[in-house]
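Text of the file data-v1.cif, holding mmCIF, C-alpha atoms:
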data_data
#
loop_
_atom_site.label_atom_id
_atom_site.label_comp_id
_atom_site.auth_asym_id
_atom_site.auth_seq_id
_atom_site.Cartn_x
_atom_site.Cartn_y
_atom_site.Cartn_z
CA MET A 1 102.98 135.76 75.25
CA ASN A 2 103.36 134.22 71.83
CA THR A 3 100.49 131.90 71.10
CA GLU A 4 100.92 131.71 67.34
CA LEU A 5 101.23 128.19 66.05
CA VAL A 6 104.33 127.44 64.01
CA PRO A 7 103.82 125.51 60.77
CA GLU A 8 106.07 122.51 60.22
CA THR A 9 106.37 120.52 57.04
CA SER A 10 107.16 116.84 56.64
CA ARG A 11 107.20 114.62 53.58
CA HIS A 12 103.46 114.17 53.27
CA ILE A 13 101.76 116.49 55.73
CA THR A 14 102.02 119.89 57.30
CA ILE A 15 101.24 120.32 60.97
CA ASP A 16 101.34 123.33 63.26
CA ARG A 17 103.19 123.09 66.54
CA LEU A 18 102.78 125.13 69.70
CA PRO A 19 105.42 127.87 69.96
CA THR A 20 106.69 126.28 73.18
CA TRP A 21 107.29 123.00 71.38
CA GLN A 22 110.40 122.37 69.28
CA ARG A 23 111.31 120.34 66.24
CA LEU A 24 113.89 117.66 66.93
CA GLU A 25 116.13 115.50 64.82
CA ALA A 26 113.84 112.97 63.15
CA GLU A 27 115.69 109.67 63.27
CA GLY A 28 113.74 107.31 61.07
CA ALA A 29 110.59 109.40 61.25
CA ASP A 30 109.20 112.11 58.98
CA LEU A 31 109.00 114.66 61.80
CA VAL A 32 109.55 114.77 65.54
CA LEU A 33 108.21 117.51 67.78
CA ALA A 34 108.63 117.75 71.53
CA ALA A 35 107.42 119.93 74.36
CA GLU A 36 109.90 121.93 76.42
CA PRO A 37 112.52 119.76 78.12
CA VAL A 38 111.34 118.27 81.40
CA GLN A 39 112.97 117.43 84.71
CA GLU A 40 114.96 114.25 84.91
CA GLY A 41 112.75 111.24 85.43
CA HIS A 42 109.76 112.92 83.81
CA PHE A 43 108.35 112.03 80.42
CA ARG A 44 108.70 114.69 77.75
CA PRO A 45 105.51 115.00 75.68
CA ASN A 46 106.26 114.45 72.02
CA LEU A 47 104.71 113.99 68.62
CA VAL A 48 106.10 111.79 65.89
CA VAL A 49 105.05 111.64 62.25
CA THR A 50 105.73 108.51 60.22
CA SER A 51 104.47 107.29 56.88
CA PHE A 52 104.64 104.23 54.69
CA PRO A 53 103.09 102.89 51.51
CA PHE A 54 99.59 101.54 51.97
CA LEU A 55 96.96 100.64 49.45
CA GLY A 56 93.68 99.61 51.00
CA SER A 57 90.67 100.67 52.98
CA ILE A 58 90.79 102.72 56.14
CA GLU A 59 89.07 99.96 58.08
CA LYS A 60 91.76 97.54 57.00
CA PHE A 61 94.48 99.97 57.95
CA SER A 62 92.85 100.55 61.32
CA THR A 63 92.78 96.87 62.15
CA MET A 64 96.35 96.44 60.99
CA ALA A 65 97.54 99.46 62.96
CA MET A 66 96.02 98.11 66.16
CA ALA A 67 97.57 94.69 65.69
CA ASN A 68 100.88 96.35 64.95
CA THR A 69 100.68 98.61 68.00
CA ARG A 70 99.95 95.66 70.24
CA ALA A 71 102.85 93.70 68.80
CA ARG A 72 105.31 96.57 68.97
CA LEU A 73 104.59 98.11 72.38
CA LYS A 74 104.34 96.78 75.94
CA ALA A 75 101.10 96.27 77.85
CA VAL A 76 98.96 98.15 75.34
CA TYR A 77 95.51 99.12 76.57
CA PHE A 78 93.17 100.46 73.88
CA ILE A 79 90.85 103.22 75.01
CA ALA A 80 89.22 104.53 71.84
CA VAL A 81 88.97 104.24 68.07
CA GLU A 82 87.13 107.03 66.28
CA GLU A 83 86.52 108.12 62.72
CA TRP A 84 88.67 111.10 61.80
CA GLN A 85 89.71 112.92 58.67
CA ALA A 86 92.25 115.42 57.45
CA GLY A 87 90.36 117.43 54.84
CA ASP A 88 88.85 114.79 52.58
CA ALA A 89 91.34 112.10 53.48
CA PRO A 90 89.77 109.30 55.58
CA GLY A 91 91.39 108.42 58.86
CA ARG A 92 91.11 107.21 62.39
CA ARG A 93 92.05 108.51 65.80
CA PHE A 94 93.28 105.89 68.27
CA GLN A 95 93.90 106.34 71.93
CA TYR A 96 95.75 103.84 74.05
CA ASN A 97 98.09 103.51 76.99
CA HIS A 98 101.26 101.43 77.07
CA ARG A 99 104.27 100.93 79.29
CA LEU A 100 107.49 102.63 78.36
CA GLN A 101 110.58 102.83 80.54
CA GLY A 102 108.63 101.56 83.51
CA ARG A 103 105.77 104.03 83.32
CA SER A 104 102.30 104.30 81.81
CA VAL A 105 102.30 106.47 78.70
CA HIS A 106 99.20 107.75 76.94
CA CYS A 107 99.18 107.91 73.14
CA GLN A 108 96.89 109.49 70.60
CA ASP A 109 97.42 108.34 67.02
CA TRP A 110 95.88 110.20 64.13
CA ILE A 111 96.16 108.23 60.92
CA VAL A 112 95.15 109.29 57.46
CA LEU A 113 95.25 107.61 54.07
CA THR A 114 96.46 109.77 51.24
CA GLY A 115 95.74 107.44 48.36
CA ARG A 116 98.99 105.54 48.18
CA ARG A 117 100.30 106.13 51.68
CA ALA A 118 99.34 105.99 55.29
CA VAL A 119 100.52 108.83 57.49
CA MET A 120 100.58 108.33 61.23
CA VAL A 121 100.87 111.12 63.80
CA THR A 122 101.49 109.86 67.33
CA ALA A 123 101.34 112.19 70.31
CA SER A 124 102.52 110.82 73.66
CA CYS A 125 102.56 111.97 77.27
CA ALA A 126 102.64 110.33 80.71
CA SER A 127 99.19 108.98 81.58
CA ASN A 128 98.81 111.36 84.50
CA GLN A 129 99.64 114.30 82.20
CA LEU A 130 96.79 113.78 79.76
CA GLY A 131 94.83 116.67 81.25
CA ALA A 132 97.79 119.00 80.78
CA ASN A 133 98.42 117.98 77.16
CA ASP A 134 95.03 117.07 75.72
CA PHE A 135 94.28 120.50 74.34
CA ALA A 136 97.75 120.97 72.86
CA PHE A 137 97.50 117.60 71.12
CA ALA A 138 94.05 118.43 69.77
CA VAL A 139 95.15 121.80 68.44
CA MET A 140 98.12 120.30 66.64
CA ALA A 141 96.10 117.39 65.24
CA ASP A 142 93.46 119.81 63.97
CA SER A 143 96.10 121.51 61.86
CA ILE A 144 97.20 118.34 60.06
CA THR A 145 96.92 118.92 56.33
CA VAL A 146 97.79 116.40 53.67
CA LYS A 147 100.12 118.05 51.17
CA GLY A 148 98.50 118.65 47.82
CA GLN A 149 95.11 118.88 49.51
CA GLU A 150 95.42 122.30 51.13
CA ALA A 151 92.10 124.16 51.09
CA MET B 1 91.39 90.51 63.92
CA PHE B 2 94.02 91.47 61.38
CA GLU B 3 94.58 89.04 58.55
CA PRO B 4 96.87 90.36 55.83
CA GLY B 5 95.24 90.21 52.43
CA LYS B 6 91.74 90.12 53.86
CA GLU B 7 89.29 92.85 54.62
CA PRO B 8 88.61 93.02 58.35
CA ALA B 9 85.34 91.99 59.99
CA LEU B 10 82.93 94.90 60.17
CA GLN B 11 80.68 96.06 62.99
CA SER B 12 77.48 95.59 61.03
CA PHE B 13 75.00 97.71 62.97
CA ALA B 14 77.34 100.66 63.38
CA SER B 15 78.38 100.47 59.72
CA ASP B 16 74.74 100.51 58.56
CA TYR B 17 73.95 103.36 60.91
CA ARG B 18 76.82 105.55 59.75
CA GLY B 19 76.72 104.45 56.12
CA ARG B 20 80.43 103.59 56.10
CA ASN B 21 82.49 100.49 56.73
CA LEU B 22 83.43 100.43 60.39
CA GLU B 23 85.77 97.73 61.62
CA ARG B 24 84.71 95.51 64.49
CA LEU B 25 85.93 96.78 67.85
CA ASP B 26 84.02 94.63 70.30
CA GLY B 27 86.66 91.91 70.27
CA LEU B 28 89.15 94.21 71.98
CA ALA B 29 87.67 94.11 75.49
CA GLY B 30 88.37 90.40 75.82
CA THR B 31 92.03 90.91 74.90
CA GLN B 32 92.65 93.41 77.67
CA PRO B 33 90.92 92.22 80.84
CA TYR B 34 91.80 93.64 84.24
CA SER B 35 94.83 91.71 85.32
CA SER B 36 96.65 91.83 88.62
CA ARG B 37 99.24 89.61 90.27
CA GLY B 38 98.04 90.59 93.70
CA PRO B 39 96.68 88.08 96.22
CA TRP B 40 92.94 87.50 96.54
CA LEU B 41 91.72 88.52 99.97
CA SER B 42 88.43 87.47 101.53
CA THR B 43 86.19 89.97 103.29
CA ALA B 44 87.71 88.86 106.58
CA ASP B 45 91.27 89.23 105.25
CA SER B 46 90.47 92.72 103.95
CA ALA B 47 88.95 93.79 107.25
CA LEU B 48 92.08 92.68 109.06
CA LEU B 49 94.23 94.44 106.49
CA GLU B 50 92.43 97.71 107.11
CA LYS B 51 92.83 97.26 110.85
CA VAL B 52 96.53 96.50 110.80
CA ALA B 53 97.13 99.33 108.32
CA GLN B 54 95.78 101.83 110.84
CA THR B 55 97.42 100.47 113.98
CA GLY B 56 100.55 98.72 112.71
CA ARG B 57 99.95 95.60 114.73
CA LEU B 58 97.24 93.24 115.91
CA GLY B 59 96.52 92.75 119.57
CA ARG B 60 96.08 89.31 121.12
CA PHE B 61 92.31 89.42 120.82
CA GLU B 62 92.51 90.44 117.20
CA ARG B 63 94.97 87.66 116.45
CA SER B 64 92.95 84.85 117.97
CA GLY B 65 90.32 83.57 115.58
CA ASN B 66 91.99 85.38 112.68
CA GLU B 67 94.89 82.98 112.13
CA GLU B 68 93.82 82.24 108.55
CA SER B 69 93.68 85.88 107.58
CA ILE B 70 97.02 86.57 109.26
CA ALA B 71 98.51 83.72 107.23
CA VAL B 72 97.11 85.21 104.01
CA LEU B 73 98.47 88.66 104.83
CA ALA B 74 101.82 87.20 105.90
CA ASP B 75 102.01 85.31 102.62
CA ALA B 76 101.44 88.60 100.84
CA GLY B 77 104.31 90.17 102.76
CA ILE B 78 102.02 92.64 104.53
CA VAL B 79 102.48 91.35 108.08
CA ASP B 80 104.93 89.08 109.86
CA ALA B 81 103.89 85.86 111.60
CA LYS B 82 102.93 87.85 114.70
CA GLY B 83 100.62 90.12 112.76
CA ARG B 84 102.85 93.17 112.75
CA LEU B 85 102.95 95.37 109.67
CA THR B 86 106.17 94.84 107.68
CA ASP B 87 107.99 97.65 105.88
CA GLN B 88 106.47 96.50 102.61
CA GLY B 89 103.08 96.28 104.27
CA GLY B 90 103.51 99.82 105.53
CA MET B 91 104.30 101.05 102.05
CA VAL B 92 101.41 99.21 100.41
CA THR B 93 98.87 100.37 102.97
CA ARG B 94 100.10 103.94 103.30
CA PRO B 95 97.45 105.25 100.88
CA LEU B 96 94.87 103.72 103.21
CA SER B 97 96.29 104.95 106.50
CA GLN B 98 97.64 108.30 105.33
CA GLY B 99 96.09 108.92 101.95
CA VAL B 100 94.18 111.94 100.72
CA ALA B 101 91.09 110.32 99.23
CA ALA B 102 89.40 107.08 98.23
CA LEU B 103 87.29 106.09 95.24
CA ASN B 104 84.83 103.28 94.91
CA ILE B 105 83.36 101.68 91.81
CA THR B 106 80.40 99.37 92.24
CA GLY B 107 79.68 97.13 89.28
CA THR B 108 76.52 95.15 88.66
CA TYR B 109 75.82 92.50 86.08
CA LEU B 110 72.54 90.60 85.95
CA GLY B 111 71.82 91.19 89.59
CA ARG B 112 75.31 90.32 90.88
CA THR B 113 77.54 93.01 92.27
CA THR B 114 81.25 93.59 92.56
CA ASN B 115 83.40 96.51 93.56
CA PHE B 116 86.76 98.19 93.09
CA ARG B 117 88.15 100.45 95.77
CA ALA B 118 91.24 102.62 95.49
CA TRP B 119 92.79 104.52 98.39
CA LEU B 120 94.83 107.42 97.02
CA ASP B 121 97.99 109.10 98.15
CA THR B 122 99.50 111.92 96.10
CA ASN B 123 101.58 109.47 94.04
CA ASP B 124 100.33 105.98 94.78
CA ALA B 125 97.21 103.93 95.30
CA MET B 126 96.26 100.79 97.17
CA VAL B 127 93.56 98.84 95.38
CA LEU B 128 91.18 96.11 96.47
CA ALA B 129 89.44 94.85 93.33
CA GLY B 130 86.64 92.33 93.18
CA PRO B 131 85.80 90.43 89.99
CA SER B 132 86.15 92.77 87.02
CA HIS B 133 83.91 93.43 84.01
CA HIS B 134 85.68 90.61 82.19
CA LEU B 135 85.16 88.02 84.91
CA MET B 136 81.59 89.07 85.56
CA THR B 137 80.46 89.09 81.93
CA SER B 138 82.39 86.27 80.34
CA ALA B 139 83.47 83.93 83.12
CA ALA B 140 80.47 83.81 85.40
CA ASP B 141 81.55 80.62 87.19
CA GLU B 142 84.98 82.00 87.93
CA ALA B 143 83.42 85.29 89.02
CA ALA B 144 81.18 83.37 91.41
CA ASP B 145 84.25 81.66 92.91
CA TYR B 146 85.74 85.06 93.64
CA ALA B 147 82.50 86.74 94.71
CA ASP B 148 83.77 87.30 98.25
CA GLY B 149 87.26 88.14 97.06
CA ARG B 150 89.18 91.31 96.45
CA GLN B 151 92.55 91.34 94.74
CA LEU B 152 95.10 93.50 96.54
CA ASP B 153 97.32 95.71 94.46
CA TYR B 154 99.60 98.70 94.87
CA MET B 155 100.38 101.03 91.98
CA SER B 156 101.33 104.56 91.07
CA ILE B 157 98.47 106.97 90.32
CA ASN B 158 99.94 107.03 86.81
CA ASP B 159 99.00 103.37 86.47
CA LEU B 160 95.59 103.72 88.08
CA TYR B 161 93.95 105.11 84.93
CA THR B 162 94.55 101.94 82.94
CA ALA B 163 93.61 99.77 85.92
CA MET B 164 90.24 101.47 86.34
CA ALA B 165 89.55 101.48 82.62
CA ALA B 166 90.35 97.77 82.41
CA TRP B 167 88.31 96.93 85.49
CA VAL B 168 85.12 98.52 84.09
CA GLY B 169 85.87 97.06 80.67
CA LEU B 170 86.24 100.46 79.00
CA SER B 171 87.32 99.56 75.48
CA PRO B 172 86.90 101.12 72.05
CA ALA B 173 83.36 101.00 70.69
CA TRP B 174 81.15 102.73 68.17
CA SER B 175 78.64 104.18 70.67
CA ILE B 176 75.44 104.92 68.76
CA PRO B 177 72.87 107.39 70.15
CA VAL B 178 69.59 105.72 71.07
CA LEU B 179 65.98 106.86 70.86
CA PRO B 180 64.23 107.36 73.08
CA ALA B 181 67.14 108.57 75.21
CA MET B 182 64.94 108.57 78.31
CA VAL B 183 63.25 105.35 79.31
CA ASP B 184 60.82 104.40 82.02
CA LEU B 185 62.74 104.06 85.27
CA GLN B 186 61.18 100.74 86.23
CA GLU B 187 61.96 99.28 82.82
CA MET B 188 65.53 100.44 83.27
CA ASP B 189 65.78 98.94 86.75
CA ARG B 190 64.45 95.63 85.47
CA ARG B 191 67.00 95.63 82.66
CA TRP B 192 69.86 96.13 85.12
CA ALA B 193 68.87 92.89 86.80
CA ALA B 194 67.97 90.73 83.79
CA VAL B 195 67.81 90.77 80.00
CA THR B 196 64.32 92.07 79.28
CA ASP B 197 62.58 93.11 76.08
CA PRO B 198 63.46 96.58 74.79
CA PRO B 199 60.95 99.41 75.42
CA LEU B 200 58.10 99.45 72.91
CA GLN B 201 59.13 102.72 71.26
CA ALA B 202 62.79 101.72 70.97
CA ASP B 203 64.51 102.54 67.70
CA GLU B 204 66.93 100.03 66.20
CA ALA B 205 69.88 101.49 68.04
CA LEU B 206 68.13 101.15 71.39
CA MET B 207 67.03 97.61 70.56
CA GLN B 208 70.64 96.69 69.75
CA MET B 209 72.01 98.32 72.85
CA TRP B 210 69.30 96.83 75.09
CA ARG B 211 70.19 93.31 73.95
CA GLU B 212 73.88 93.61 74.67
CA PRO B 213 75.24 92.50 78.06
CA TRP B 214 75.01 95.44 80.47
CA PHE B 215 77.75 95.94 83.02
CA VAL B 216 76.58 98.96 84.99
CA TRP B 217 79.21 100.76 87.03
CA GLN B 218 79.00 103.63 89.50
CA LEU B 219 81.98 105.65 90.60
CA ALA B 220 81.99 107.80 93.68
CA ALA B 221 84.46 109.38 96.04
CA VAL B 222 84.54 107.94 99.55
CA PRO B 223 83.20 109.55 101.63
CA GLY B 224 80.99 110.84 98.91
CA SER B 225 79.05 113.98 98.50
CA GLY B 226 76.92 114.45 95.45
CA GLN B 227 75.77 111.94 92.92
CA PRO B 228 77.85 108.98 91.85
CA VAL B 229 78.68 108.84 88.18
CA THR B 230 77.04 105.91 86.43
CA TYR B 231 77.82 104.34 83.07
CA ILE B 232 76.51 101.31 81.25
CA ASN B 233 79.11 99.24 79.45
CA ALA B 234 76.85 97.75 76.78
CA GLY B 235 79.37 95.48 75.09
CA ALA B 236 79.42 95.89 71.32
CA ALA B 237 76.96 98.80 71.54
CA GLY B 238 79.44 100.87 73.50
CA HIS B 239 79.19 103.11 76.52
CA TYR B 240 76.23 105.05 77.85
CA ARG B 241 76.03 107.57 80.63
CA THR B 242 73.01 106.85 82.71
CA GLY B 243 71.18 108.38 85.61
CA VAL B 244 67.82 109.66 86.68
CA LEU B 245 66.65 112.78 84.89
CA GLU B 246 63.21 114.21 85.57
CA GLY B 247 62.01 110.89 86.87
CA ALA B 248 63.16 108.85 83.88
CA GLY B 249 66.24 106.79 83.09
CA LEU B 250 68.79 108.45 80.86
CA LEU B 251 70.76 106.64 78.15
CA GLU B 252 73.37 108.94 76.68
CA ALA B 253 75.82 107.43 74.19
CA THR B 254 79.30 108.51 75.18
CA LEU B 255 82.61 108.22 73.34
CA SER B 256 84.91 105.84 75.18
CA SER B 257 87.50 108.59 74.94
CA ASN B 258 85.24 110.85 77.03
CA VAL B 259 84.43 108.13 79.55
CA TYR B 260 88.19 107.71 80.02
CA ARG B 261 88.65 111.41 80.59
CA HIS B 262 85.77 111.46 83.03
CA LEU B 263 87.42 108.66 85.03
CA GLY B 264 90.73 110.47 84.99
CA ASP B 265 89.15 113.73 86.07
CA ILE B 266 87.49 112.06 89.05
CA VAL B 267 90.83 110.54 90.08
CA GLU B 268 92.56 113.90 89.82
CA ALA B 269 89.77 115.79 91.57
CA ALA B 270 90.22 113.35 94.46
CA VAL B 271 94.03 113.44 94.55
CA PHE B 272 94.33 117.21 94.22
CA ASN B 273 91.20 118.05 96.20
CA ARG B 274 89.71 120.17 93.45
CA PRO B 275 86.20 120.18 91.98
CA PRO B 276 85.58 117.79 89.07
CA ARG B 277 85.69 119.37 85.63
CA PHE B 278 82.90 117.27 84.18
CA ASP B 279 79.39 116.83 85.39
#

Hey, can you dump this file as structure tokens for me?
Amino acid sequence: MNTELVPETSRHITIDRLPTWQRLEAEGADLVLAAEPVQEGHFRPNLVVTSFPFLGSIEKFSTMAMANTRARLKAVYFIAVEEWQAGDAPGRRFQYNHRLQGRSVHCQDWIVLTGRRAVMVTASCASNQLGANDFAFAVMADSITVKGQEA
Amino acid sequence: MFEPGKEPALQSFASDYRGRNLERLDGLAGTQPYSSRGPWLSTADSALLEKVAQTGRLGRFERSGNEESIAVLADAGIVDAKGRLTDQGGMVTRPLSQGVAALNITGTYLGRTTNFRAWLDTNDAMVLAGPSHHLMTSAADEAADYADGRQLDYMSINDLYTAMAAWVGLSPAWSIPVLPAMVDLQEMDRRWAAVTDPPLQADEALMQMWREPWFVWQLAAVPGSGQPVTYINAGAAGHYRTGVLEGAGLLEATLSSNVYRHLGDIVEAAVFNRPPRFD
């Protein structure tokens, strides 16, 4: 069985995906990854990378990101906010649930500031599939490297 | 609170402790209280609900003297005017009559108790929820009004995780480890019931945490075997696993992320009849 992670590159970060995951067309995002296709009616775990200009502190970005998430998504329930970093770049890890297409979806957002930009990596799965995806999400998030800051 | 152009409010104790600016998180709990559109049932209404769920109908003796409860359940679409379970009532109560497991959370705040019970089927749950963390800690008068009440709800297991998290007030927090992490059991018991002075040897983190409002919640499977799992929701100070360890009271700072996973694991252990993964 192939367990080697596959490196993927987007505009501002590199991230490794599980070999069973695939890269999809990234409409409006920097990178979209998804788990194997699922049965109809089931939620396909996915990971989306976006970025935008941001000048400011991580605590300001964090507060803004939460307000933005609440405004953009339905029935958001925040579970956790933790300090996180990619190399030396300061960041946060958010966890929250929201409603999408009539079901509860669990999201983990890793955000990192790269000096002039904020990069956001959002992994999603159905709330009752967190146990099945937690490790995969963690492994992929662990591999996030800001370009130009590789060790 | 996000205000463009301004730096956000900081959580001062946590920021000092970690030596970095940490944004305030304690305002979040109040923005996401447990919320249900289900009817409030009294103890008597709930007892009748459980009875009619098992038998499908109420006999003449059960109906007489219970007219009020029958009216409440009829209003909720659970029974018809004659006290017979409707199709909707059958669906809603199926986790109770034919489910695989049940979970109970008992919450206490300053000597008052509340509880949340979920009967679980493989896909769905029936919930009877008393006043939540939010009502108990920030709307005491309202909570008192509903002291005898339980809100009836029916949801997929997929939705139960958020419901339980909201009910116990599990929200983001910077949980700071406290010293000592073991306190005298009697001091701990007294603190559950009333705001007391922190233990003499308390470090700053323990003093902070001790002064926050404590909503203590215990989760157990019904029928239960083994110890219930107990956490203290200490408001701005975050979440602490507690229990009795070698005759003393434990206070173990826990990431809200891990509390959430612990909740989820207990739900899944119950639904799938497997051992829990966490202690």

For chain A, list the residues within 7 Å of chain B, counting all atoms listed in the file, and write the list as a PyMOL selection string. chain A and resi 59-60+63-64+67+77-81+104+127-128

Could you put an axis-aligned box around every listed atom of region 118-136 of chain A, padded by 3 Å on each side, and send me its centre and edge lengths in Å to one decimal, as AutoDock Vina command-line options?
--center_x 98.5 --center_y 113.5 --center_z 69.9 --size_x 14.4 --size_y 21.0 --size_z 35.2

Provide the CA of Ala202 (chain B) to CA of Tyr231 (chain B) distance in Å, to one decimal place. 19.5 Å

Once the PyMOL selection byres ((chain B and resi 154) around 9) has been applied to the shown file, what residues remain in the selection, as a list in words?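 Output from the PyMOL selection byres ((chain B and resi 154) around 9), applied to this file: Gly38, Met91, Val92, Thr93, Asp124, Ala125, Met126, Val127, Leu128, Leu152, Asp153, Met155 and Ser156 of chain B.
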
Identify all residues satisfying the PyMOL selection byres ((chain B and resi 254) around 6) in the given file; provide them as a PyMOL selection string. chain B and resi 239-240+253+255

Next, write the just-selected residues to a file, as a PDB file, keeping the file's coordinate frame, keeping C-alpha atoms as the atom set.
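The resulting file, result08.pdb, is shown below:
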ATOM      1  CA  HIS B 239      79.190 103.110  76.520  1.00  0.00           C
ATOM      2  CA  TYR B 240      76.230 105.050  77.850  1.00  0.00           C
ATOM      3  CA  ALA B 253      75.820 107.430  74.190  1.00  0.00           C
ATOM      4  CA  LEU B 255      82.610 108.220  73.340  1.00  0.00           C
TER       5      LEU B 255
END

Running the PyMOL selection byres ((chain A and resi 92) around 9) on this model by hand, what would come out? Give it as a compact mmCIF listing (two decimals) with C-alpha atoms, in the frame of the given file.
# COMPACT_ATOMS: atom_id res chain seq x y z
CA ILE A 58 90.79 102.72 56.14
CA GLU A 59 89.07 99.96 58.08
CA SER A 62 92.85 100.55 61.32
CA VAL A 81 88.97 104.24 68.07
CA GLU A 82 87.13 107.03 66.28
CA GLU A 83 86.52 108.12 62.72
CA TRP A 84 88.67 111.10 61.80
CA GLN A 85 89.71 112.92 58.67
CA PRO A 90 89.77 109.30 55.58
CA GLY A 91 91.39 108.42 58.86
CA ARG A 93 92.05 108.51 65.80
CA PHE A 94 93.28 105.89 68.27
CA ASP A 109 97.42 108.34 67.02
CA TRP A 110 95.88 110.20 64.13
CA ILE A 111 96.16 108.23 60.92
CA VAL A 112 95.15 109.29 57.46

Near Lys74 (chain A), within 9 Å and counting only C-alpha atoms, which residues show up once chain neighbours fewer than 5 positions away are dropped, as a count of residues only? 4

Where atoms are missing, can you supply all heavy atoms for region 4-9 of chain A and output the lot as a JSON list (two decimals), keeping the file's coordinate frame?
[["chain", "number", "residue", "atom", "x", "y", "z"],
["A", 4, "GLU", "N", 101.05, 132.07, 68.76],
["A", 4, "GLU", "CA", 100.92, 131.71, 67.34],
["A", 4, "GLU", "C", 101.50, 130.33, 67.08],
["A", 4, "GLU", "O", 102.63, 130.04, 67.47],
["A", 4, "GLU", "CB", 101.73, 132.71, 66.50],
["A", 4, "GLU", "CG", 101.05, 134.04, 66.28],
["A", 4, "GLU", "CD", 100.31, 134.07, 64.94],
["A", 4, "GLU", "OE1", 100.65, 133.26, 64.06],
["A", 4, "GLU", "OE2", 99.42, 134.90, 64.79],
["A", 5, "LEU", "N", 100.73, 129.51, 66.42],
["A", 5, "LEU", "CA", 101.23, 128.19, 66.05],
["A", 5, "LEU", "C", 102.30, 128.32, 64.96],
["A", 5, "LEU", "O", 102.23, 129.23, 64.14],
["A", 5, "LEU", "CB", 100.08, 127.32, 65.54],
["A", 5, "LEU", "CG", 98.96, 127.06, 66.55],
["A", 5, "LEU", "CD1", 97.87, 126.21, 65.90],
["A", 5, "LEU", "CD2", 99.49, 126.36, 67.79],
["A", 6, "VAL", "N", 103.24, 127.40, 64.97],
["A", 6, "VAL", "CA", 104.33, 127.44, 64.01],
["A", 6, "VAL", "C", 104.18, 126.30, 63.01],
["A", 6, "VAL", "O", 104.17, 125.13, 63.40],
["A", 6, "VAL", "CB", 105.69, 127.29, 64.74],
["A", 6, "VAL", "CG1", 106.84, 127.29, 63.73],
["A", 6, "VAL", "CG2", 105.86, 128.40, 65.78],
["A", 7, "PRO", "N", 104.02, 126.59, 61.74],
["A", 7, "PRO", "CA", 103.82, 125.51, 60.77],
["A", 7, "PRO", "C", 105.10, 124.70, 60.57],
["A", 7, "PRO", "O", 106.18, 125.27, 60.51],
["A", 7, "PRO", "CB", 103.44, 126.24, 59.48],
["A", 7, "PRO", "CG", 103.79, 127.67, 59.68],
["A", 7, "PRO", "CD", 104.01, 127.92, 61.13],
["A", 8, "GLU", "N", 104.95, 123.40, 60.51],
["A", 8, "GLU", "CA", 106.07, 122.51, 60.22],
["A", 8, "GLU", "C", 105.68, 121.65, 59.03],
["A", 8, "GLU", "O", 104.51, 121.27, 58.91],
["A", 8, "GLU", "CB", 106.39, 121.62, 61.42],
["A", 8, "GLU", "CG", 106.85, 122.37, 62.66],
["A", 8, "GLU", "CD", 108.29, 122.86, 62.54],
["A", 8, "GLU", "OE1", 108.96, 122.57, 61.51],
["A", 8, "GLU", "OE2", 108.76, 123.55, 63.48],
["A", 9, "THR", "N", 106.65, 121.34, 58.22],
["A", 9, "THR", "CA", 106.37, 120.52, 57.04],
["A", 9, "THR", "C", 107.14, 119.22, 57.11],
["A", 9, "THR", "O", 108.31, 119.19, 57.48],
["A", 9, "THR", "CB", 106.82, 121.28, 55.77],
["A", 9, "THR", "OG1", 106.28, 122.60, 55.84],
["A", 9, "THR", "CG2", 106.30, 120.60, 54.52]]
